[in-house]
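This is target-v4.cif. It holds mmCIF, C-alpha atoms.
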data_final
#
loop_
_atom_site.group_PDB
_atom_site.id
_atom_site.type_symbol
_atom_site.label_atom_id
_atom_site.label_comp_id
_atom_site.auth_asym_id
_atom_site.auth_seq_id
_atom_site.Cartn_x
_atom_site.Cartn_y
_atom_site.Cartn_z
ATOM 1 C CA MET A 1 -45.582 -232.871 -67.521
ATOM 2 C CA ALA A 2 -45.572 -232.757 -71.334
ATOM 3 C CA THR A 3 -48.250 -235.470 -71.402
ATOM 4 C CA TRP A 4 -50.298 -233.606 -68.782
ATOM 5 C CA MET A 5 -50.263 -230.436 -70.919
ATOM 6 C CA LEU A 6 -51.510 -232.074 -74.112
ATOM 7 C CA ASP A 7 -54.782 -230.486 -75.292
ATOM 8 C CA ARG A 8 -54.923 -228.212 -72.238
ATOM 9 C CA PRO A 9 -55.322 -224.435 -72.521
ATOM 10 C CA HIS A 10 -52.170 -222.355 -72.806
ATOM 11 C CA TRP A 11 -51.641 -219.618 -70.229
ATOM 12 C CA SER A 12 -51.722 -216.957 -72.960
ATOM 13 C CA ASP A 13 -55.127 -217.973 -74.357
ATOM 14 C CA ASP A 14 -56.948 -214.646 -73.990
ATOM 15 C CA ASP A 15 -59.860 -215.878 -76.084
ATOM 16 C CA LEU A 16 -60.583 -218.712 -73.643
ATOM 17 C CA GLY A 17 -60.898 -216.304 -70.749
ATOM 18 C CA PHE A 18 -57.690 -217.510 -69.120
ATOM 19 C CA TYR A 19 -55.009 -214.940 -68.249
ATOM 20 C CA PRO A 20 -55.635 -211.597 -70.077
ATOM 21 C CA VAL A 21 -52.215 -211.117 -71.707
ATOM 22 C CA LYS A 22 -53.231 -208.124 -73.812
ATOM 23 C CA GLU A 23 -54.737 -206.249 -70.885
ATOM 24 C CA ARG A 24 -52.118 -207.143 -68.254
ATOM 25 C CA LEU A 25 -48.865 -207.259 -70.238
ATOM 26 C CA ILE A 26 -49.184 -205.659 -73.670
ATOM 27 C CA GLN A 27 -51.461 -202.614 -73.462
ATOM 28 C CA GLY A 28 -49.552 -199.422 -72.753
ATOM 29 C CA VAL A 29 -46.094 -201.003 -72.603
ATOM 30 C CA MET A 30 -43.331 -199.045 -74.333
ATOM 31 C CA GLY A 31 -40.187 -200.429 -75.945
ATOM 32 C CA ASP A 32 -38.134 -200.960 -79.089
ATOM 33 C CA ASP A 33 -36.410 -203.856 -80.853
ATOM 34 C CA ASP A 34 -33.730 -203.983 -78.148
ATOM 35 C CA SER A 35 -36.305 -204.283 -75.366
ATOM 36 C CA VAL A 36 -37.018 -207.676 -73.831
ATOM 37 C CA PHE A 37 -40.726 -208.387 -73.628
ATOM 38 C CA LEU A 38 -40.537 -211.844 -72.058
ATOM 39 C CA VAL A 39 -37.854 -214.074 -70.546
ATOM 40 C CA ASP A 40 -38.752 -217.778 -70.323
ATOM 41 C CA LEU A 41 -36.576 -219.231 -67.541
ATOM 42 C CA GLY A 42 -35.999 -222.967 -67.746
ATOM 43 C CA GLY A 43 -37.914 -222.877 -71.021
ATOM 44 C CA SER A 44 -36.337 -226.015 -72.536
ATOM 45 C CA VAL A 45 -36.259 -225.752 -76.343
ATOM 46 C CA GLY A 46 -38.823 -222.958 -76.580
ATOM 47 C CA HIS A 47 -42.180 -224.711 -76.869
ATOM 48 C CA ASP A 48 -43.977 -222.215 -74.607
ATOM 49 C CA LEU A 49 -42.558 -219.232 -76.498
ATOM 50 C CA GLU A 50 -43.647 -220.750 -79.810
ATOM 51 C CA LYS A 51 -47.185 -221.234 -78.471
ATOM 52 C CA PHE A 52 -47.185 -217.690 -77.100
ATOM 53 C CA LEU A 53 -46.299 -216.307 -80.551
ATOM 54 C CA VAL A 54 -49.167 -218.204 -82.192
ATOM 55 C CA ARG A 55 -51.536 -216.231 -79.962
ATOM 56 C CA HIS A 56 -49.545 -212.980 -79.773
ATOM 57 C CA PRO A 57 -47.333 -212.387 -82.844
ATOM 58 C CA PHE A 58 -44.322 -210.086 -82.708
ATOM 59 C CA ASP A 59 -46.217 -207.185 -84.281
ATOM 60 C CA THR A 60 -48.570 -207.029 -81.258
ATOM 61 C CA PHE A 61 -45.927 -206.129 -78.647
ATOM 62 C CA PRO A 62 -42.566 -204.319 -78.528
ATOM 63 C CA GLY A 63 -39.193 -206.005 -78.244
ATOM 64 C CA HIS A 64 -38.018 -209.595 -78.466
ATOM 65 C CA LEU A 65 -38.222 -212.808 -76.427
ATOM 66 C CA VAL A 66 -35.451 -214.566 -74.506
ATOM 67 C CA LEU A 67 -35.245 -218.318 -73.951
ATOM 68 C CA GLN A 68 -33.096 -219.458 -71.026
ATOM 69 C CA ASP A 69 -32.060 -222.919 -69.906
ATOM 70 C CA ARG A 70 -28.928 -224.835 -68.969
ATOM 71 C CA ALA A 71 -26.075 -224.704 -71.478
ATOM 72 C CA GLU A 72 -26.533 -228.320 -72.604
ATOM 73 C CA VAL A 73 -30.213 -227.684 -73.358
ATOM 74 C CA ILE A 74 -29.571 -224.487 -75.316
ATOM 75 C CA GLU A 75 -26.765 -226.173 -77.274
ATOM 76 C CA SER A 76 -29.147 -229.000 -78.242
ATOM 77 C CA ILE A 77 -31.504 -226.640 -80.101
ATOM 78 C CA PRO A 78 -31.030 -227.065 -83.873
ATOM 79 C CA GLU A 79 -29.608 -224.011 -85.602
ATOM 80 C CA ASN A 80 -32.269 -221.688 -87.054
ATOM 81 C CA SER A 81 -35.094 -223.712 -85.467
ATOM 82 C CA LEU A 82 -36.274 -220.827 -83.278
ATOM 83 C CA LYS A 83 -38.319 -218.036 -84.789
ATOM 84 C CA ALA A 84 -36.519 -214.783 -85.517
ATOM 85 C CA GLY A 85 -36.940 -212.603 -82.470
ATOM 86 C CA ILE A 86 -36.315 -215.402 -79.953
ATOM 87 C CA ARG A 87 -32.818 -215.217 -78.482
ATOM 88 C CA ALA A 88 -31.513 -218.292 -76.665
ATOM 89 C CA ILE A 89 -29.175 -217.760 -73.699
ATOM 90 C CA ALA A 90 -27.559 -220.344 -71.432
ATOM 91 C CA HIS A 91 -28.454 -219.490 -67.842
ATOM 92 C CA ASP A 92 -28.683 -221.210 -64.464
ATOM 93 C CA PHE A 93 -31.606 -219.653 -62.590
ATOM 94 C CA PHE A 94 -29.836 -220.219 -59.272
ATOM 95 C CA THR A 95 -27.404 -217.488 -60.342
ATOM 96 C CA PRO A 96 -28.067 -213.754 -60.878
ATOM 97 C CA GLN A 97 -30.401 -213.002 -63.779
ATOM 98 C CA PRO A 98 -28.445 -211.337 -66.626
ATOM 99 C CA VAL A 99 -31.479 -209.844 -68.395
ATOM 100 C CA GLN A 100 -32.368 -206.685 -66.515
ATOM 101 C CA GLY A 101 -35.662 -204.814 -66.701
ATOM 102 C CA ALA A 102 -37.647 -207.141 -68.972
ATOM 103 C CA ARG A 103 -41.379 -206.610 -69.165
ATOM 104 C CA THR A 104 -42.126 -210.221 -68.208
ATOM 105 C CA TYR A 105 -40.244 -213.006 -66.450
ATOM 106 C CA PHE A 106 -41.954 -216.358 -66.970
ATOM 107 C CA LEU A 107 -41.707 -219.606 -64.989
ATOM 108 C CA HIS A 108 -43.645 -222.669 -66.133
ATOM 109 C CA SER A 109 -43.680 -225.643 -63.760
ATOM 110 C CA ILE A 110 -40.360 -224.594 -62.242
ATOM 111 C CA ILE A 111 -41.021 -223.541 -58.665
ATOM 112 C CA HIS A 112 -42.989 -226.671 -57.779
ATOM 113 C CA ASP A 113 -39.809 -228.704 -58.366
ATOM 114 C CA TYR A 114 -38.059 -227.130 -55.390
ATOM 115 C CA PRO A 115 -38.452 -226.749 -51.623
ATOM 116 C CA ASP A 116 -38.884 -223.234 -50.269
ATOM 117 C CA ASP A 117 -35.205 -222.408 -49.766
ATOM 118 C CA ARG A 118 -34.288 -223.218 -53.380
ATOM 119 C CA ALA A 119 -37.451 -221.588 -54.707
ATOM 120 C CA GLN A 120 -36.595 -218.432 -52.766
ATOM 121 C CA LEU A 121 -33.180 -218.255 -54.441
ATOM 122 C CA ILE A 122 -34.743 -218.488 -57.908
ATOM 123 C CA LEU A 123 -37.257 -215.774 -57.045
ATOM 124 C CA LYS A 124 -34.663 -213.475 -55.471
ATOM 125 C CA ASN A 125 -32.536 -213.603 -58.614
ATOM 126 C CA ILE A 126 -35.537 -212.634 -60.718
ATOM 127 C CA ALA A 127 -36.741 -209.908 -58.356
ATOM 128 C CA ARG A 128 -33.309 -208.259 -58.381
ATOM 129 C CA ALA A 129 -33.486 -208.009 -62.180
ATOM 130 C CA MET A 130 -37.012 -206.569 -62.298
ATOM 131 C CA LYS A 131 -37.794 -202.897 -62.885
ATOM 132 C CA LYS A 132 -40.314 -201.447 -60.440
ATOM 133 C CA GLY A 133 -43.543 -200.336 -62.096
ATOM 134 C CA HIS A 134 -42.666 -202.128 -65.337
ATOM 135 C CA SER A 135 -41.602 -205.752 -64.851
ATOM 136 C CA LYS A 136 -43.992 -208.559 -63.972
ATOM 137 C CA LEU A 137 -43.370 -212.134 -62.924
ATOM 138 C CA ILE A 138 -45.726 -214.710 -64.409
ATOM 139 C CA ILE A 139 -45.791 -218.155 -62.815
ATOM 140 C CA TRP A 140 -47.783 -220.895 -64.555
ATOM 141 C CA ASP A 141 -48.073 -223.674 -62.024
ATOM 142 C CA PHE A 142 -50.524 -225.581 -59.864
ATOM 143 C CA VAL A 143 -52.284 -223.577 -57.165
ATOM 144 C CA LEU A 144 -54.116 -225.849 -54.767
ATOM 145 C CA PRO A 145 -57.267 -224.664 -53.019
ATOM 146 C CA ASP A 146 -56.869 -224.328 -49.274
ATOM 147 C CA LYS A 147 -59.662 -226.884 -48.766
ATOM 148 C CA ALA A 148 -61.310 -229.739 -50.710
ATOM 149 C CA VAL A 149 -58.356 -230.454 -53.005
ATOM 150 C CA ALA A 150 -59.101 -232.807 -55.910
ATOM 151 C CA SER A 151 -57.516 -236.260 -55.602
ATOM 152 C CA THR A 152 -55.612 -235.744 -58.870
ATOM 153 C CA LEU A 153 -53.813 -232.760 -57.399
ATOM 154 C CA THR A 154 -53.116 -234.374 -54.037
ATOM 155 C CA ALA A 155 -51.478 -237.234 -55.951
ATOM 156 C CA LEU A 156 -49.241 -234.718 -57.732
ATOM 157 C CA ASP A 157 -48.326 -233.222 -54.379
ATOM 158 C CA TRP A 158 -47.226 -236.629 -53.104
ATOM 159 C CA GLU A 159 -45.161 -237.185 -56.258
ATOM 160 C CA MET A 160 -43.337 -233.878 -55.836
ATOM 161 C CA MET A 161 -42.595 -234.681 -52.197
ATOM 162 C CA SER A 162 -41.355 -238.194 -53.026
ATOM 163 C CA PHE A 163 -39.174 -237.331 -56.022
ATOM 164 C CA TYR A 164 -37.916 -233.811 -55.271
ATOM 165 C CA ALA A 165 -38.583 -233.108 -51.575
ATOM 166 C CA ALA A 166 -40.822 -230.365 -52.975
ATOM 167 C CA SER A 167 -44.585 -229.830 -53.072
ATOM 168 C CA GLU A 168 -47.520 -228.327 -54.874
ATOM 169 C CA ARG A 169 -48.529 -225.135 -53.061
ATOM 170 C CA SER A 170 -51.853 -223.680 -51.986
ATOM 171 C CA GLU A 171 -52.825 -220.087 -52.728
ATOM 172 C CA GLY A 172 -51.797 -219.101 -49.221
ATOM 173 C CA GLN A 173 -48.439 -220.858 -49.529
ATOM 174 C CA TRP A 174 -47.733 -219.153 -52.862
ATOM 175 C CA LYS A 175 -48.454 -215.742 -51.382
ATOM 176 C CA THR A 176 -46.291 -216.450 -48.340
ATOM 177 C CA LEU A 177 -43.418 -217.516 -50.601
ATOM 178 C CA LEU A 178 -43.630 -214.637 -53.072
ATOM 179 C CA GLU A 179 -44.354 -211.901 -50.552
ATOM 180 C CA ASP A 180 -41.502 -212.814 -48.217
ATOM 181 C CA PRO A 181 -39.750 -209.489 -47.430
ATOM 182 C CA GLU A 182 -36.417 -210.958 -48.546
ATOM 183 C CA ILE A 183 -37.850 -211.452 -52.035
ATOM 184 C CA GLY A 184 -39.860 -208.240 -52.161
ATOM 185 C CA LEU A 185 -42.722 -209.187 -54.469
ATOM 186 C CA LYS A 186 -46.474 -208.725 -54.197
ATOM 187 C CA VAL A 187 -49.108 -210.946 -55.782
ATOM 188 C CA ASN A 188 -51.447 -208.996 -58.064
ATOM 189 C CA GLY A 189 -53.792 -211.864 -58.786
ATOM 190 C CA ILE A 190 -54.257 -215.537 -59.579
ATOM 191 C CA TRP A 191 -56.113 -216.674 -62.704
ATOM 192 C CA SER A 192 -57.449 -220.231 -62.972
ATOM 193 C CA TYR A 193 -59.014 -221.957 -65.970
ATOM 194 C CA SER A 194 -60.320 -224.960 -64.048
ATOM 195 C CA GLN A 195 -59.593 -226.879 -60.856
ATOM 196 C CA PHE A 196 -57.605 -229.443 -62.843
ATOM 197 C CA ASP A 197 -55.375 -227.056 -64.798
ATOM 198 C CA GLN A 198 -52.423 -224.958 -63.822
ATOM 199 C CA SER A 199 -53.118 -221.400 -62.718
ATOM 200 C CA VAL A 200 -51.377 -218.145 -63.619
ATOM 201 C CA ILE A 201 -49.901 -216.079 -60.797
ATOM 202 C CA GLU A 202 -48.956 -212.479 -61.553
ATOM 203 C CA ALA A 203 -46.537 -210.667 -59.246
ATOM 204 C CA GLU A 204 -44.445 -207.505 -59.326
ATOM 205 C CA LEU A 205 -42.051 -205.650 -57.054
ATOM 206 C CA ALA A 206 -43.746 -204.453 -53.881
#
Full structure transcribed into structure tokens:
Amino acid sequence: MATWMLDRPHWSDDDLGFYPVKERLIQGVMGDDDSVFLVDLGGSVGHDLEKFLVRHPFDTFPGHLVLQDRAEVIESIPENSLKAGIRAIAHDFFTPQPVQGARTYFLHSIIHDYPDDRAQLILKNIARAMKKGHSKLIIWDFVLPDKAVASTLTALDWEMMSFYAASERSEGQWKTLLEDPEIGLKVNGIWSYSQFDQSVIEAELA
């Protein structure tokens, strides 16, 4: 996945006409230094948060950022290597989310690793931590068209099925998953940069 992402647009690239972070997440949001603006679940050593801050520095939004991954991943991060304002927390996303009421919960290439039952558990844990009318879930992942899928993406779908018993999902499948009444989310929109890049799905509590 790291090789795939080289030289590809980042989800927070407003200037490229990708997902409008300023309009959808920053404008009008209230908070202070103790507020959590974004939680990156399964965020490894923080590469996505670092790229986000290049495009949206701390002085453009309220609060701080939280990086979450398994304990062994968090412990591997060199001391003082993360920018001030990024707090690293060991967390298993199959367990209840400890950060309540953040503005944004972010999943990059996470859900496609799991079949629906495991994906539902991840999403339920996030939804139960979200604050209605404030929190948003951002998923940066592949969204397949319902018809005429490019061969590159169908190959990825086969890989996910072979290695993880999972799959890439179509727009309809994403909506069915997220809007399951047991999860309680609604999809606000899907933003795509090109057919060959990952799309951004925005959801909030229904």
Residue with the minimum atom-to-atom distance to Leu49 in chain A, picked from A:Pro181, A:Pro96, A:Gly85, A:Pro115 with only C-alpha atoms counted, is A:Gly85
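The list of residues with at least one atom within 12 Å of Asp13 in chain A, based on only C-alpha atoms and without residues fewer than 3 positions apart in the same chain, reads Arg8, Pro9, His10, Leu16, Gly17, Phe18, Tyr19, Pro20, Val21, Lys22, Asp48, Lys51, Phe52, Leu53, Val54, Arg55, His56, Trp191, Ser192, Tyr193 and Val200 of chain A.
Rounded to one decimal, CA of Ala102 in chain A and CA of Gln198 in chain A lie 23.7 Å from each other.
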Kindly provide, as JSON, the centre and edge lengths (Å, one decimal) of an axis-aligned box around all atoms of range 103-118 of chain A given in the file, with 4 Å on each side.
{"center_x": -39.0, "center_y": -217.7, "center_z": -59.5, "size_x": 17.4, "size_y": 30.1, "size_z": 27.4}
Item to complete: Please evaluate the PyMOL selection byres ((chain A and resi 98) around 10) against the displayed coordinates and give the resulting residues as a list in words.
Response: Ile89, His91, Phe93, Thr95, Pro96, Gln97, Val99, Gln100, Gly101, Asn125, Ile126 and Ala129 of chain A
One decimal place gives the CA of Leu205 in chain A-CA of Asn188 in chain A separation as 10.0 Å
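Note that CA of Val73 in chain A and CA of Asp40 in chain A are 13.4 Å apart.
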Practice prompt. Would you list the contacts of Leu38 in chain A as number ranges by chain, taking every protein, DNA or RNA residue within 10 Å and counting only C-alpha atoms, but skipping same-chain residues closer than 4 positions in sequence?
Written response: A: 25, 49, 63-67, 86, 99, 102-106, 135-138
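Between Val39 in chain A and the residues A:Ile183, A:Met130, A:Ala203, A:Leu144, the shortest atom-to-atom distance, using all atoms listed in the file, involves A:Met130.
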Among A:Pro145, A:Lys175, A:Gly28, A:Arg128, Ser194 in chain A is approached most closely, using all atoms listed in the file, by A:Pro145
Quiz item: Once the PyMOL selection byres ((chain A and resi 111) around 10) has been applied to the shown file, what residues remain in the selection, as a VMD selection string?
Solution: chain A and resid 107 to 110 112 to 116 118 to 120 122 to 123 139 to 142 166 to 169 174
**Message:** Once the PyMOL selection byres ((chain A and resi 71) around 9) has been evaluated on this model, what residues remain selected, and can you format them as an MDAnalysis selection string?
**Reply:** chainID A and resid 68:70 72:76 89:92
Could you take the residues named above and write them with C-alpha atoms, as an mmCIF file, in the coordinates of the input?
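Below is the file that was written, out_33.cif:
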data_model
loop_
_atom_site.group_PDB
_atom_site.id
_atom_site.type_symbol
_atom_site.label_atom_id
_atom_site.label_comp_id
_atom_site.auth_asym_id
_atom_site.auth_seq_id
_atom_site.Cartn_x
_atom_site.Cartn_y
_atom_site.Cartn_z
ATOM 1 C CA GLN A 68 -33.096 -219.458 -71.026
ATOM 2 C CA ASP A 69 -32.060 -222.919 -69.906
ATOM 3 C CA ARG A 70 -28.928 -224.835 -68.969
ATOM 4 C CA GLU A 72 -26.533 -228.320 -72.604
ATOM 5 C CA VAL A 73 -30.213 -227.684 -73.358
ATOM 6 C CA ILE A 74 -29.571 -224.487 -75.316
ATOM 7 C CA GLU A 75 -26.765 -226.173 -77.274
ATOM 8 C CA SER A 76 -29.147 -229.000 -78.242
ATOM 9 C CA ILE A 89 -29.175 -217.760 -73.699
ATOM 10 C CA ALA A 90 -27.559 -220.344 -71.432
ATOM 11 C CA HIS A 91 -28.454 -219.490 -67.842
ATOM 12 C CA ASP A 92 -28.683 -221.210 -64.464
#
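The shortest atom-to-atom distance to Asp14 in chain A, with only C-alpha atoms taken into account, belongs to A:Ile26 out of A:Glu202, A:Ile26, A:Leu177, A:Glu79.
Closest approach to Leu41 in chain A from the set A:Trp11, A:Lys83, A:Phe58, A:Ala88 is made by A:Ala88, with distances taken over all atoms listed in the file.
Of the listed residues A:Asn80, A:Val36, A:Leu121, A:Gly133, the one whose atoms come nearest to Phe94 in chain A is A:Leu121, with distances taken using all atoms listed in the file.
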Could range 68-85 of chain A be completed with N, CA and C atoms and returned as a PDB file, keeping the file's coordinate frame?
ATOM      1  N   GLN A  68     -34.214-219.094 -71.897  1.00  0.00           N
ATOM      2  CA  GLN A  68     -33.096-219.458 -71.026  1.00  0.00           C
ATOM      3  C   GLN A  68     -33.244-220.891 -70.525  1.00  0.00           C
ATOM      4  N   ASP A  69     -32.134-221.598 -70.537  1.00  0.00           N
ATOM      5  CA  ASP A  69     -32.060-222.919 -69.906  1.00  0.00           C
ATOM      6  C   ASP A  69     -30.584-223.249 -69.710  1.00  0.00           C
ATOM      7  N   ARG A  70     -30.315-224.422 -69.171  1.00  0.00           N
ATOM      8  CA  ARG A  70     -28.928-224.835 -68.969  1.00  0.00           C
ATOM      9  C   ARG A  70     -28.188-224.903 -70.304  1.00  0.00           C
ATOM     10  N   ALA A  71     -26.875-224.763 -70.255  1.00  0.00           N
ATOM     11  CA  ALA A  71     -26.075-224.704 -71.478  1.00  0.00           C
ATOM     12  C   ALA A  71     -26.304-225.917 -72.376  1.00  0.00           C
ATOM     13  N   GLU A  72     -26.378-227.120 -71.786  1.00  0.00           N
ATOM     14  CA  GLU A  72     -26.533-228.320 -72.604  1.00  0.00           C
ATOM     15  C   GLU A  72     -27.882-228.357 -73.315  1.00  0.00           C
ATOM     16  N   VAL A  73     -28.894-227.746 -72.712  1.00  0.00           N
ATOM     17  CA  VAL A  73     -30.213-227.684 -73.358  1.00  0.00           C
ATOM     18  C   VAL A  73     -30.184-226.689 -74.512  1.00  0.00           C
ATOM     19  N   ILE A  74     -29.643-225.510 -74.267  1.00  0.00           N
ATOM     20  CA  ILE A  74     -29.571-224.487 -75.316  1.00  0.00           C
ATOM     21  C   ILE A  74     -28.739-224.983 -76.495  1.00  0.00           C
ATOM     22  N   GLU A  75     -27.633-225.671 -76.204  1.00  0.00           N
ATOM     23  CA  GLU A  75     -26.765-226.173 -77.274  1.00  0.00           C
ATOM     24  C   GLU A  75     -27.429-227.280 -78.086  1.00  0.00           C
ATOM     25  N   SER A  76     -28.455-227.918 -77.532  1.00  0.00           N
ATOM     26  CA  SER A  76     -29.147-229.000 -78.242  1.00  0.00           C
ATOM     27  C   SER A  76     -30.178-228.492 -79.242  1.00  0.00           C
ATOM     28  N   ILE A  77     -30.495-227.201 -79.199  1.00  0.00           N
ATOM     29  CA  ILE A  77     -31.504-226.640 -80.101  1.00  0.00           C
ATOM     30  C   ILE A  77     -30.921-226.536 -81.505  1.00  0.00           C
ATOM     31  N   PRO A  78     -31.555-227.138 -82.505  1.00  0.00           N
ATOM     32  CA  PRO A  78     -31.030-227.065 -83.873  1.00  0.00           C
ATOM     33  C   PRO A  78     -30.898-225.622 -84.353  1.00  0.00           C
ATOM     34  N   GLU A  79     -29.852-225.355 -85.091  1.00  0.00           N
ATOM     35  CA  GLU A  79     -29.608-224.011 -85.602  1.00  0.00           C
ATOM     36  C   GLU A  79     -30.777-223.549 -86.470  1.00  0.00           C
ATOM     37  N   ASN A  80     -31.185-222.325 -86.286  1.00  0.00           N
ATOM     38  CA  ASN A  80     -32.269-221.688 -87.054  1.00  0.00           C
ATOM     39  C   ASN A  80     -33.643-222.317 -86.807  1.00  0.00           C
ATOM     40  N   SER A  81     -33.785-223.109 -85.740  1.00  0.00           N
ATOM     41  CA  SER A  81     -35.094-223.712 -85.467  1.00  0.00           C
ATOM     42  C   SER A  81     -36.017-222.770 -84.702  1.00  0.00           C
ATOM     43  N   LEU A  82     -35.460-221.803 -83.999  1.00  0.00           N
ATOM     44  CA  LEU A  82     -36.274-220.827 -83.278  1.00  0.00           C
ATOM     45  C   LEU A  82     -36.681-219.695 -84.208  1.00  0.00           C
ATOM     46  N   LYS A  83     -37.859-219.155 -83.982  1.00  0.00           N
ATOM     47  CA  LYS A  83     -38.319-218.036 -84.789  1.00  0.00           C
ATOM     48  C   LYS A  83     -37.423-216.823 -84.574  1.00  0.00           C
ATOM     49  N   ALA A  84     -37.268-216.030 -85.639  1.00  0.00           N
ATOM     50  CA  ALA A  84     -36.519-214.783 -85.517  1.00  0.00           C
ATOM     51  C   ALA A  84     -37.187-213.938 -84.443  1.00  0.00           C
ATOM     52  N   GLY A  85     -36.379-213.372 -83.572  1.00  0.00           N
ATOM     53  CA  GLY A  85     -36.940-212.603 -82.470  1.00  0.00           C
ATOM     54  C   GLY A  85     -36.915-213.340 -81.152  1.00  0.00           C
TER      55      GLY A  85
END
